[in-house]
Amino acid sequence: MKEEMLKLRKKIKKKKPEFKRQEWFRKKALGDKWRKPRGIHSKLRRQEKAKGSLPRPGYGSPSSVRGLTREGYREVIVRNTKDLEKINPKEDVAVMSKGVGRKKKFDILEKAKKMNIKVSNYKFI
């Protein structure tokens, strides 16, 4: 069931357009990050043809796989070795917090290896 939903999410996301801010191409300072169009004469707000599309609930992923990684795991932030005990290796994957230092990183990686827990964001130092 979960694998089917992950495939469906992938299919939906391929069709999803890039939602860009109104007139993002005119001024570099605007950027292309989405902002809701609010002007009374706005063609995008009135959804006229060829003016871009608005974000809608229909573009969302299935609720059963929302927030999961591509492989179908739930990400759990780990700040110390005690946090690893809360993780279920079959459903979760560990993500080391940004502020974890080198010494503690090695401790976390060592313990995760013993407990068969995947750590998604680490590079060998």
# chains A, B, ... in the order shown; residues from 1 in each chain; ligands from 1
call {"tool": "residues_around", "arguments": {"residues": "Lys90 (chain A)", "least_positions_apart": "3", "cutoff": "9 Å", "atoms": "only C-alpha atoms", "output": "PyMOL selection string"}}
result
chain A and resi 73+87+93+117
call {"tool": "select_by_dssp", "arguments": {"residues": "chain A", "states": "helix (DSSP H, G or I)", "output": "number ranges by chain"}}
result
A: 2-15, 28-30, 57-59, 63-65, 81-86, 102-114
call {"tool": "atom_distance", "arguments": {"atom1": "CA of Gly101 (chain A)", "atom2": "CA of Tyr122 (chain A)"}}
result
12.0 Å
call {"tool": "residues_around", "arguments": {"residues": "Lys98 (chain A)", "least_positions_apart": "5", "cutoff": "12 Å", "atoms": "only C-alpha atoms", "output": "number ranges by chain"}}
result
A: 77-80, 104-105, 121-122
call {"tool": "write_last_selection", "arguments": {"atoms": "N, CA and C atoms", "output": "PDB file, in the first residue's frame"}}
result
ATOM      1  N   ILE A  77      14.890  13.871  13.868  1.00  0.00           N
ATOM      2  CA  ILE A  77      16.092  14.644  14.181  1.00  0.00           C
ATOM      3  C   ILE A  77      16.760  14.064  15.429  1.00  0.00           C
ATOM      4  N   VAL A  78      18.068  13.865  15.325  1.00  0.00           N
ATOM      5  CA  VAL A  78      18.849  13.280  16.413  1.00  0.00           C
ATOM      6  C   VAL A  78      19.867  14.301  16.879  1.00  0.00           C
ATOM      7  N   ARG A  79      19.840  14.599  18.188  1.00  0.00           N
ATOM      8  CA  ARG A  79      20.787  15.558  18.763  1.00  0.00           C
ATOM      9  C   ARG A  79      21.831  14.882  19.646  1.00  0.00           C
ATOM     10  N   ASN A  80      21.484  13.692  20.158  1.00  0.00           N
ATOM     11  CA  ASN A  80      22.420  12.929  20.978  1.00  0.00           C
ATOM     12  C   ASN A  80      22.104  11.438  20.867  1.00  0.00           C
ATOM     13  N   LYS A 104      30.579  13.981  19.020  1.00  0.00           N
ATOM     14  CA  LYS A 104      29.261  13.387  19.242  1.00  0.00           C
ATOM     15  C   LYS A 104      28.728  12.722  17.970  1.00  0.00           C
ATOM     16  N   LYS A 105      29.120  13.266  16.789  1.00  0.00           N
ATOM     17  CA  LYS A 105      28.714  12.659  15.521  1.00  0.00           C
ATOM     18  C   LYS A 105      29.209  11.228  15.422  1.00  0.00           C
ATOM     19  N   ASN A 121      21.977  12.027   6.699  1.00  0.00           N
ATOM     20  CA  ASN A 121      22.838  13.176   6.350  1.00  0.00           C
ATOM     21  C   ASN A 121      24.179  13.123   7.070  1.00  0.00           C
ATOM     22  N   TYR A 122      25.038  12.274   6.622  1.00  0.00           N
ATOM     23  CA  TYR A 122      26.385  12.318   7.182  1.00  0.00           C
ATOM     24  C   TYR A 122      27.382  12.063   6.082  1.00  0.00           C
TER      25      TYR A 122
END
call {"tool": "select_by_dssp", "arguments": {"residues": "region 23-104 of chain A", "states": "strand (DSSP E or B)", "output": "mmCIF file with C-alpha atoms, in the first residue's frame"}}
result
data_model
loop_
_atom_site.group_PDB
_atom_site.id
_atom_site.type_symbol
_atom_site.label_atom_id
_atom_site.label_comp_id
_atom_site.auth_asym_id
_atom_site.auth_seq_id
_atom_site.Cartn_x
_atom_site.Cartn_y
_atom_site.Cartn_z
ATOM 1 C CA LEU A 68 8.060 10.834 4.114
ATOM 2 C CA ARG A 74 9.962 9.235 8.377
ATOM 3 C CA GLU A 75 12.816 11.587 9.309
ATOM 4 C CA VAL A 76 13.647 11.964 13.010
ATOM 5 C CA ILE A 77 16.092 14.644 14.181
ATOM 6 C CA VAL A 78 18.849 13.280 16.413
ATOM 7 C CA ASP A 92 12.312 5.876 10.616
ATOM 8 C CA VAL A 93 15.611 7.303 9.454
ATOM 9 C CA ALA A 94 17.860 9.474 11.630
ATOM 10 C CA VAL A 95 18.865 12.998 10.629
ATOM 11 C CA MET A 96 21.701 14.491 12.647
#
call {"tool": "residues_around", "arguments": {"residues": "region 48-52 of chain A", "least_positions_apart": "5", "cutoff": "8 Å", "atoms": "only C-alpha atoms", "output": "NGL selection string"}}
result
:A and (19-20 or 43)
call {"tool": "residues_around", "arguments": {"residues": "Lys15 (chain A)", "least_positions_apart": "6", "cutoff": "12 Å", "atoms": "only C-alpha atoms", "output": "PDB file with C-alpha atoms, in the first residue's frame"}}
result
ATOM      1  CA  LEU A   8       1.419   7.861  -6.984  1.00  0.00           C
ATOM      2  CA  ARG A   9       3.092  10.813  -5.224  1.00  0.00           C
ATOM      3  CA  GLY A  58      -5.292  18.708  -5.837  1.00  0.00           C
ATOM      4  CA  TYR A  59      -1.542  19.048  -6.358  1.00  0.00           C
ATOM      5  CA  GLY A  60      -0.796  17.648  -2.891  1.00  0.00           C
ATOM      6  CA  SER A  61       0.569  14.194  -2.183  1.00  0.00           C
TER       7      SER A  61
END
call {"tool": "closest_residue", "arguments": {"among": "A:Arg56, A:Arg21, A:Arg66, A:Arg102", "to": "Arg35 (chain A)", "atoms": "only C-alpha atoms"}}
result
A:Arg21
call {"tool": "residues_around", "arguments": {"residues": "Glu3 (chain A)", "least_positions_apart": "4", "cutoff": "9 Å", "atoms": "only C-alpha atoms", "output": "list in words"}}
result
Lys7, Leu8, Glu71 and Gly72 of chain A
call {"tool": "closest_residue", "arguments": {"among": "A:Arg70, A:Lys86, A:Arg46, A:Lys103", "to": "Leu6 (chain A)", "atoms": "only C-alpha atoms"}}
result
A:Arg70
call {"tool": "atom_distance", "arguments": {"atom1": "CA of Ala112 (chain A)", "atom2": "CA of Lys82 (chain A)"}}
result
10.7 Å
call {"tool": "closest_residue", "arguments": {"among": "A:Pro62, A:Gln22, A:Lys28, A:Pro17", "to": "Leu44 (chain A)", "atoms": "only C-alpha atoms"}}
result
A:Gln22
